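Chemist: Can you keep this structure in mind? I'll have questions shortly.
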2 protein chains.
Amino acid sequence: MKTKQTIVWDTVQEEFIQKWRELGTAWGIPPAMAAIHGLLLSQQHPLITDEVMSTLSLSRGSAHTQLQALVDWGLVYPVRTLGTRQRRYVAEKDAWQMMACIARQRKKRELDPLLELEGWKESQSAGLSDSAPAQALDKTLDGILTQARAVNGVFDRLISEDERWWEQWLIRGLRRN
Amino acid sequence: MKTKQTIVWDTVQEEFIQKWRELGTAWGIPPAMAAIHGLLLSQQHPLITDEVMSTLSLSRGSAHTQLQALVDWGLVYPVRTLGTRQRRYVAEKDAWQMMACIARQRKKRELDPLLELEGWKESQSAGLSDSAPAQALDKTLDGILTQARAVNGVFDRLISEDERWWEQWLIRGLRRN
DNA sequence: CAGTACTTTCATTTTAAATTGAAAATATGT
DNA sequence: ACATATTTTCAATTTAAAATGAAAGTACTG
């Protein structure tokens, strides 16, 4: 089946994608993933894998893997066209939704493992290390875990609640006093 | 000059350092840097480069570079012993200070470049791209930048203000309603 | 102004992460 | 069930990041 050309392409978009790719690198995101996300953000209509591949000169494997990752993150939706196996992809354009997706991933990757230290710490205090240095480390860890729990609370809210909460929180929090 | 052994070392600390290193990886921090930070966090007294090197089996180059990075971040303080060129290093143990350091770095690395998109966006709208797709991208970008500014506000405060503000903010924000 | 103790740099090597491309698997229409 | 369009997987390659180690630089001491 001949694929209708759905890509809109111009210099502004090309530049945007480049910038988005660089930004992605700073955020610890694979270049291909960031580039695809940038491309889809700049497109109003869903694209098929082949369009993504050829527009960004990526291999099929990479395009597929990164597209999958974007779908897993919730930043991109797969769209099934009726009467064909073909899958198309659109990006979520709402900034708040995007942020929630990213927050979800970061919490999983960065915060949850940190909070697991709590369990480890307890399992350790069972072992009889009550030397002064061990106790000092214990105290430091307590402080870290308290902070981590606080940040975690913010993330939990950010992820599970609606946009209104976030806005209210920012307004309340950022107002001096 | 013979160096007095200042390291306190046991299984708990070794495990902690290992966990901290893994955590570091999830946070996009070089393993050696995370390991050194873990080691210094677990020590009450300042260590010299050679102790760090041998305890963690690192090369001198790596120990030096990562120690420097930790000092640059503000997570570790260099201590000059009088009457010798020798430099020792201690970790900041206060969790809030640590968080502020990390927030500062992340803002610089992840947020500031995002905010620079604003300038780019404006320089682009000067060029006459008023096609429908270009306008759509423009709108999406606006949303993203608005979110980015909001998050940036939080970070600015977190970095420049004192601990009390942060605590208050969390308490106010996290209380339901 | 040596001599030495420590620090800094950097070309090379190592390691980990991302990408490729082609083969295998799966779904869909006839 | 067959043929074909599309997706998925994965061993091999490429690329980028970090670590090494030895040489060069710098400050302190007598």
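FYI, nothing fancy with the structure tokens labels: chains A, B, ... in order, residues from 1 per chain, ligands from 1 as they appear.
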Using only C-alpha atoms, find each residue in chain B having at least one atom no more than 6 Å away from chain A; report its shortest atom-to-atom pair and that distance in Å (one decimal), rows by chain then rising number, as a Markdown table.
Modeler:
| residue | atom | partner | partner_atom | distance |
| --- | --- | --- | --- | --- |
| B:Ala26 | CA | A:Glu110 | CA | 5.7 |
| B:Trp27 | CA | A:Glu110 | CA | 5.9 |
| B:Ser42 | CA | A:Leu137 | CA | 5.3 |
| B:Ala95 | CA | A:Ile144 | CA | 5.0 |
| B:Glu110 | CA | A:Ala26 | CA | 5.7 |
| B:Leu137 | CA | A:Ser42 | CA | 5.4 |
| B:Gly143 | CA | A:Ala95 | CA | 5.3 |
| B:Ile144 | CA | A:Ala95 | CA | 5.0 |
| B:Trp169 | CA | A:Gly173 | CA | 5.4 |
| B:Gly173 | CA | A:Trp169 | CA | 5.4 |
Chemist: Enumerate the residues of chain B with a DSSP assignment of alpha helix (DSSP H), computed from the backbone, and present them as a PyMOL selection string.
Modeler: chain B and resi 11-26+31-41+49-56+60-73+95-106+112-115+117-126+132-160+163-174
Chemist: Restrict the calculation to only C-alpha atoms (C1' of nucleotides), then for each residue of chain C with any atom at most 8 Å from an atom of chain A give the closest atom pair and their distance in Å to one decimal, rows by chain and rising residue number, as CSV.
Modeler:
residue,atom,partner,partner_atom,distance
C:DA18,C1',A:Pro30,CA,7.1
C:DT19,C1',A:Ser62,CA,6.2
C:DT20,C1',A:Ser59,CA,6.1
C:DG21,C1',A:Ser59,CA,7.5
C:DA27,C1',A:Arg85,CA,6.8
C:DT28,C1',A:Arg85,CA,6.3
Chemist: Would you output that residue set with all heavy atoms, as a CSV table (one decimal), in the first residue's frame?
Modeler:
chain,number,residue,atom,x,y,z
C,18,DA,P,21.6,4.9,26.5
C,18,DA,OP1,21.1,6.3,26.8
C,18,DA,OP2,20.9,3.7,26.9
C,18,DA,O5',21.9,4.8,24.9
C,18,DA,C5',22.7,5.8,24.3
C,18,DA,C4',22.9,5.5,22.8
C,18,DA,O4',23.6,4.3,22.7
C,18,DA,C3',21.6,5.3,22.1
C,18,DA,O3',21.6,6.2,21.0
C,18,DA,C2',21.6,3.8,21.8
C,18,DA,C1',23.0,3.5,21.7
C,18,DA,N9,23.5,2.2,22.0
C,18,DA,C8,23.1,1.4,23.0
C,18,DA,N7,23.7,0.2,23.0
C,18,DA,C5,24.5,0.2,21.9
C,18,DA,C6,25.3,-0.8,21.3
C,18,DA,N6,25.6,-2.0,21.8
C,18,DA,N1,25.9,-0.4,20.1
C,18,DA,C2,25.7,0.8,19.6
C,18,DA,N3,25.0,1.8,20.0
C,18,DA,C4,24.3,1.4,21.2
C,19,DT,P,20.5,6.2,19.9
C,19,DT,OP1,20.5,7.6,19.4
C,19,DT,OP2,19.3,5.6,20.4
C,19,DT,O5',21.1,5.3,18.7
C,19,DT,C5',22.4,5.6,18.2
C,19,DT,C4',22.7,4.6,17.1
C,19,DT,O4',23.0,3.3,17.7
C,19,DT,C3',21.6,4.3,16.1
C,19,DT,O3',22.1,4.7,14.8
C,19,DT,C2',21.2,2.8,16.3
C,19,DT,C1',22.5,2.3,16.9
C,19,DT,N1,22.4,1.1,17.8
C,19,DT,C2,23.2,0.0,17.5
C,19,DT,O2,24.0,-0.1,16.6
C,19,DT,N3,23.0,-1.1,18.4
C,19,DT,C4,22.2,-1.1,19.5
C,19,DT,O4,22.1,-2.1,20.2
C,19,DT,C5,21.4,0.1,19.7
C,19,DT,C7,20.4,0.2,20.9
C,19,DT,C6,21.5,1.1,18.9
C,20,DT,P,21.2,4.5,13.5
C,20,DT,OP1,21.6,5.5,12.5
C,20,DT,OP2,19.8,4.4,13.9
C,20,DT,O5',21.6,3.0,13.0
C,20,DT,C5',23.0,2.8,12.7
C,20,DT,C4',23.2,1.4,12.3
C,20,DT,O4',22.9,0.5,13.5
C,20,DT,C3',22.3,0.9,11.2
C,20,DT,O3',23.2,0.6,10.1
C,20,DT,C2',21.6,-0.3,11.8
C,20,DT,C1',22.4,-0.7,13.0
C,20,DT,N1,21.7,-1.3,14.2
C,20,DT,C2,22.1,-2.5,14.6
C,20,DT,O2,22.9,-3.2,14.1
C,20,DT,N3,21.4,-3.0,15.7
C,20,DT,C4,20.4,-2.3,16.4
C,20,DT,O4,19.9,-2.8,17.4
C,20,DT,C5,20.1,-1.0,15.9
C,20,DT,C7,19.0,-0.2,16.6
C,20,DT,C6,20.7,-0.6,14.8
C,21,DG,P,22.6,0.6,8.6
C,21,DG,OP1,23.8,0.9,7.7
C,21,DG,OP2,21.4,1.3,8.6
C,21,DG,O5',22.3,-1.0,8.4
C,21,DG,C5',23.3,-1.9,8.8
C,21,DG,C4',22.7,-3.3,8.8
C,21,DG,O4',22.0,-3.6,10.0
C,21,DG,C3',21.6,-3.5,7.7
C,21,DG,O3',21.7,-4.9,7.2
C,21,DG,C2',20.3,-3.3,8.4
C,21,DG,C1',20.7,-4.0,9.7
C,21,DG,N9,19.8,-3.6,10.9
C,21,DG,C8,19.0,-2.5,11.0
C,21,DG,N7,18.4,-2.4,12.1
C,21,DG,C5,18.9,-3.6,12.8
C,21,DG,C6,18.5,-4.0,14.1
C,21,DG,O6,17.8,-3.5,14.9
C,21,DG,N1,19.2,-5.2,14.4
C,21,DG,C2,20.0,-5.9,13.6
C,21,DG,N2,20.6,-7.0,14.0
C,21,DG,N3,20.3,-5.4,12.4
C,21,DG,C4,19.7,-4.3,12.1
C,27,DA,P,0.2,-11.6,16.7
C,27,DA,OP1,0.0,-10.9,17.9
C,27,DA,OP2,-0.1,-13.0,16.5
C,27,DA,O5',-0.5,-10.8,15.5
C,27,DA,C5',-0.3,-9.4,15.4
C,27,DA,C4',-0.6,-8.9,14.0
C,27,DA,O4',0.1,-9.7,13.1
C,27,DA,C3',-2.1,-9.1,13.7
C,27,DA,O3',-2.6,-7.9,13.3
C,27,DA,C2',-2.1,-10.2,12.5
C,27,DA,C1',-0.7,-10.0,12.0
C,27,DA,N9,-0.1,-11.1,11.3
C,27,DA,C8,0.2,-12.4,11.9
C,27,DA,N7,0.8,-13.2,11.0
C,27,DA,C5,0.9,-12.4,9.8
C,27,DA,C6,1.5,-12.7,8.6
C,27,DA,N6,2.0,-13.9,8.3
C,27,DA,N1,1.4,-11.8,7.6
C,27,DA,C2,0.8,-10.6,7.9
C,27,DA,N3,0.3,-10.2,9.1
C,27,DA,C4,0.4,-11.2,10.0
C,28,DT,P,-4.1,-7.5,13.3
C,28,DT,OP1,-4.2,-6.1,13.8
C,28,DT,OP2,-4.8,-8.6,14.0
C,28,DT,O5',-4.5,-7.5,11.8
C,28,DT,C5',-3.8,-6.6,10.9
C,28,DT,C4',-4.0,-7.1,9.5
C,28,DT,O4',-3.2,-8.3,9.2
C,28,DT,C3',-5.4,-7.5,9.1
C,28,DT,O3',-5.9,-6.5,8.3
C,28,DT,C2',-5.4,-8.9,8.5
C,28,DT,C1',-3.9,-9.0,8.2
C,28,DT,N1,-3.3,-10.4,8.2
C,28,DT,C2,-2.7,-10.8,7.0
C,28,DT,O2,-2.6,-10.2,6.0
C,28,DT,N3,-2.2,-12.1,7.1
C,28,DT,C4,-2.2,-13.0,8.2
C,28,DT,O4,-1.7,-14.1,8.2
C,28,DT,C5,-2.9,-12.4,9.4
C,28,DT,C7,-3.0,-13.3,10.6
C,28,DT,C6,-3.4,-11.2,9.3
Chemist: Please, which residues of chain D lie no more than 9 Å from chain A when the count uses only C-alpha atoms (C1' of nucleotides), and can they be set out as a list of chain:residue names?
Modeler: D:DA5, D:DT6, D:DT7, D:DT8, D:DT9
Chemist: Put those residues in a file: all heavy atoms, as a short mmCIF file (atom, residue, chain, number, x, y, z; two decimals), in the first residue's frame.
Modeler:
data_model
loop_
_atom_site.label_atom_id
_atom_site.label_comp_id
_atom_site.auth_asym_id
_atom_site.auth_seq_id
_atom_site.Cartn_x
_atom_site.Cartn_y
_atom_site.Cartn_z
P DA D 5 3.23 -6.19 0.08
OP1 DA D 5 2.68 -5.76 -1.22
OP2 DA D 5 4.68 -6.39 0.24
"O5'" DA D 5 2.73 -5.16 1.18
"C5'" DA D 5 1.41 -5.26 1.71
"C4'" DA D 5 1.47 -5.04 3.21
"O4'" DA D 5 1.93 -6.25 3.85
"C3'" DA D 5 2.42 -3.93 3.65
"O3'" DA D 5 1.70 -3.11 4.54
"C2'" DA D 5 3.58 -4.67 4.34
"C1'" DA D 5 2.89 -5.92 4.84
N9 DA D 5 3.73 -7.10 5.00
C8 DA D 5 4.61 -7.64 4.10
N7 DA D 5 5.20 -8.73 4.52
C5 DA D 5 4.68 -8.93 5.78
C6 DA D 5 4.91 -9.92 6.76
N6 DA D 5 5.76 -10.94 6.59
N1 DA D 5 4.23 -9.83 7.92
C2 DA D 5 3.37 -8.81 8.09
N3 DA D 5 3.07 -7.81 7.25
C4 DA D 5 3.77 -7.95 6.10
P DT D 6 2.27 -1.75 5.08
OP1 DT D 6 1.15 -0.82 5.37
OP2 DT D 6 3.37 -1.37 4.16
"O5'" DT D 6 2.90 -2.19 6.47
"C5'" DT D 6 2.01 -2.50 7.55
"C4'" DT D 6 2.80 -3.15 8.65
"O4'" DT D 6 3.48 -4.32 8.18
"C3'" DT D 6 3.90 -2.30 9.27
"O3'" DT D 6 3.38 -1.74 10.47
"C2'" DT D 6 5.04 -3.27 9.52
"C1'" DT D 6 4.42 -4.62 9.17
N1 DT D 6 5.39 -5.62 8.64
C2 DT D 6 5.71 -6.69 9.44
O2 DT D 6 5.25 -6.86 10.56
N3 DT D 6 6.62 -7.57 8.89
C4 DT D 6 7.21 -7.49 7.64
O4 DT D 6 8.00 -8.34 7.26
C5 DT D 6 6.82 -6.35 6.86
C7 DT D 6 7.39 -6.15 5.49
C6 DT D 6 5.94 -5.47 7.38
P DT D 7 4.32 -1.06 11.56
OP1 DT D 7 3.46 -0.22 12.39
OP2 DT D 7 5.52 -0.52 10.87
"O5'" DT D 7 4.77 -2.31 12.44
"C5'" DT D 7 3.76 -3.09 13.11
"C4'" DT D 7 4.45 -4.19 13.89
"O4'" DT D 7 5.28 -4.96 13.01
"C3'" DT D 7 5.35 -3.70 15.02
"O3'" DT D 7 4.98 -4.44 16.18
"C2'" DT D 7 6.77 -4.02 14.55
"C1'" DT D 7 6.52 -5.22 13.64
N1 DT D 7 7.51 -5.43 12.55
C2 DT D 7 8.24 -6.62 12.52
O2 DT D 7 8.14 -7.48 13.37
N3 DT D 7 9.09 -6.74 11.45
C4 DT D 7 9.27 -5.83 10.42
O4 DT D 7 10.05 -6.06 9.50
C5 DT D 7 8.47 -4.64 10.51
C7 DT D 7 8.60 -3.59 9.44
C6 DT D 7 7.64 -4.49 11.55
P DT D 8 5.58 -4.03 17.62
OP1 DT D 8 4.60 -4.43 18.65
OP2 DT D 8 6.10 -2.66 17.55
"O5'" DT D 8 6.81 -5.03 17.74
"C5'" DT D 8 6.56 -6.42 17.78
"C4'" DT D 8 7.87 -7.17 17.75
"O4'" DT D 8 8.52 -6.98 16.49
"C3'" DT D 8 8.88 -6.73 18.82
"O3'" DT D 8 9.03 -7.82 19.71
"C2'" DT D 8 10.15 -6.40 18.04
"C1'" DT D 8 9.91 -7.09 16.70
N1 DT D 8 10.56 -6.50 15.50
C2 DT D 8 11.48 -7.24 14.78
O2 DT D 8 11.82 -8.36 15.08
N3 DT D 8 11.99 -6.60 13.68
C4 DT D 8 11.67 -5.33 13.22
O4 DT D 8 12.20 -4.87 12.21
C5 DT D 8 10.71 -4.62 14.02
C7 DT D 8 10.30 -3.24 13.62
C6 DT D 8 10.20 -5.22 15.10
P DT D 9 10.05 -7.73 20.95
OP1 DT D 9 9.57 -8.65 22.00
OP2 DT D 9 10.33 -6.31 21.24
"O5'" DT D 9 11.36 -8.37 20.33
"C5'" DT D 9 11.31 -9.72 19.87
"C4'" DT D 9 12.65 -10.09 19.28
"O4'" DT D 9 12.91 -9.25 18.13
"C3'" DT D 9 13.82 -9.89 20.23
"O3'" DT D 9 14.52 -11.12 20.26
"C2'" DT D 9 14.65 -8.76 19.58
"C1'" DT D 9 14.28 -8.92 18.12
N1 DT D 9 14.40 -7.72 17.24
C2 DT D 9 15.11 -7.83 16.07
O2 DT D 9 15.66 -8.86 15.72
N3 DT D 9 15.15 -6.68 15.31
C4 DT D 9 14.55 -5.47 15.60
O4 DT D 9 14.65 -4.53 14.83
C5 DT D 9 13.83 -5.42 16.84
C7 DT D 9 13.15 -4.15 17.24
C6 DT D 9 13.78 -6.53 17.59
#
Chemist: Excluding DT13 (chain C) and its own-chain neighbours fewer than 3 positions away, which residues fall within 12 Å of it when counting only C-alpha atoms (C1' of nucleotides)? Please give them as a list in words.
Modeler: DA18, DA19, DT20 and DG21 of chain D
Chemist: Nearest to DT4 (chain C): which of D:DA17, D:DC28, D:DC10, D:DA1 is it, counting only C-alpha atoms (C1' of nucleotides)?
Modeler: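 Nearest to DT4 (chain C): D:DC28.
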Chemist: Output as an MDAnalysis selection string all residues of region 34-108 of chain A that backbone DSSP marks as strand (DSSP E or B).
Modeler: chainID A and resid 47:48 76:80 87:91
Chemist: Save out the residues we just selected, N, CA and C atoms, as a PDB file, in the first residue's frame.
Modeler:
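What follows is the written file selection.pdb:
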ATOM      1  N   LEU A  47       2.397   9.845  12.455  1.00  0.00           N
ATOM      2  CA  LEU A  47       3.340   9.368  11.446  1.00  0.00           C
ATOM      3  C   LEU A  47       3.555   7.870  11.580  1.00  0.00           C
ATOM      4  N   ILE A  48       3.931   7.226  10.483  1.00  0.00           N
ATOM      5  CA  ILE A  48       4.293   5.821  10.532  1.00  0.00           C
ATOM      6  C   ILE A  48       5.812   5.696  10.733  1.00  0.00           C
ATOM      7  N   VAL A  76       3.908   9.535  23.753  1.00  0.00           N
ATOM      8  CA  VAL A  76       3.447   9.331  22.378  1.00  0.00           C
ATOM      9  C   VAL A  76       2.359   8.269  22.384  1.00  0.00           C
ATOM     10  N   TYR A  77       1.334   8.482  21.547  1.00  0.00           N
ATOM     11  CA  TYR A  77       0.257   7.497  21.444  1.00  0.00           C
ATOM     12  C   TYR A  77       0.345   6.745  20.137  1.00  0.00           C
ATOM     13  N   PRO A  78       0.158   5.430  20.183  1.00  0.00           N
ATOM     14  CA  PRO A  78       0.075   4.663  18.943  1.00  0.00           C
ATOM     15  C   PRO A  78      -1.358   4.743  18.441  1.00  0.00           C
ATOM     16  N   VAL A  79      -1.497   4.885  17.131  1.00  0.00           N
ATOM     17  CA  VAL A  79      -2.821   4.985  16.532  1.00  0.00           C
ATOM     18  C   VAL A  79      -2.948   3.888  15.494  1.00  0.00           C
ATOM     19  N   ARG A  80      -3.941   3.050  15.635  1.00  0.00           N
ATOM     20  CA  ARG A  80      -4.122   1.982  14.664  1.00  0.00           C
ATOM     21  C   ARG A  80      -5.105   2.433  13.600  1.00  0.00           C
ATOM     22  N   ARG A  87       0.745   0.999  12.030  1.00  0.00           N
ATOM     23  CA  ARG A  87       0.596   1.777  13.248  1.00  0.00           C
ATOM     24  C   ARG A  87       1.158   3.170  13.022  1.00  0.00           C
ATOM     25  N   ARG A  88       0.449   4.157  13.500  1.00  0.00           N
ATOM     26  CA  ARG A  88       0.952   5.530  13.424  1.00  0.00           C
ATOM     27  C   ARG A  88       1.169   6.065  14.825  1.00  0.00           C
ATOM     28  N   TYR A  89       1.935   7.130  14.904  1.00  0.00           N
ATOM     29  CA  TYR A  89       2.279   7.682  16.217  1.00  0.00           C
ATOM     30  C   TYR A  89       2.066   9.189  16.287  1.00  0.00           C
ATOM     31  N   VAL A  90       1.406   9.633  17.345  1.00  0.00           N
ATOM     32  CA  VAL A  90       1.257  11.079  17.621  1.00  0.00           C
ATOM     33  C   VAL A  90       1.807  11.406  18.987  1.00  0.00           C
ATOM     34  N   ALA A  91       2.343  12.585  19.139  1.00  0.00           N
ATOM     35  CA  ALA A  91       2.836  13.012  20.447  1.00  0.00           C
ATOM     36  C   ALA A  91       1.741  13.689  21.255  1.00  0.00           C
TER      37      ALA A  91
END
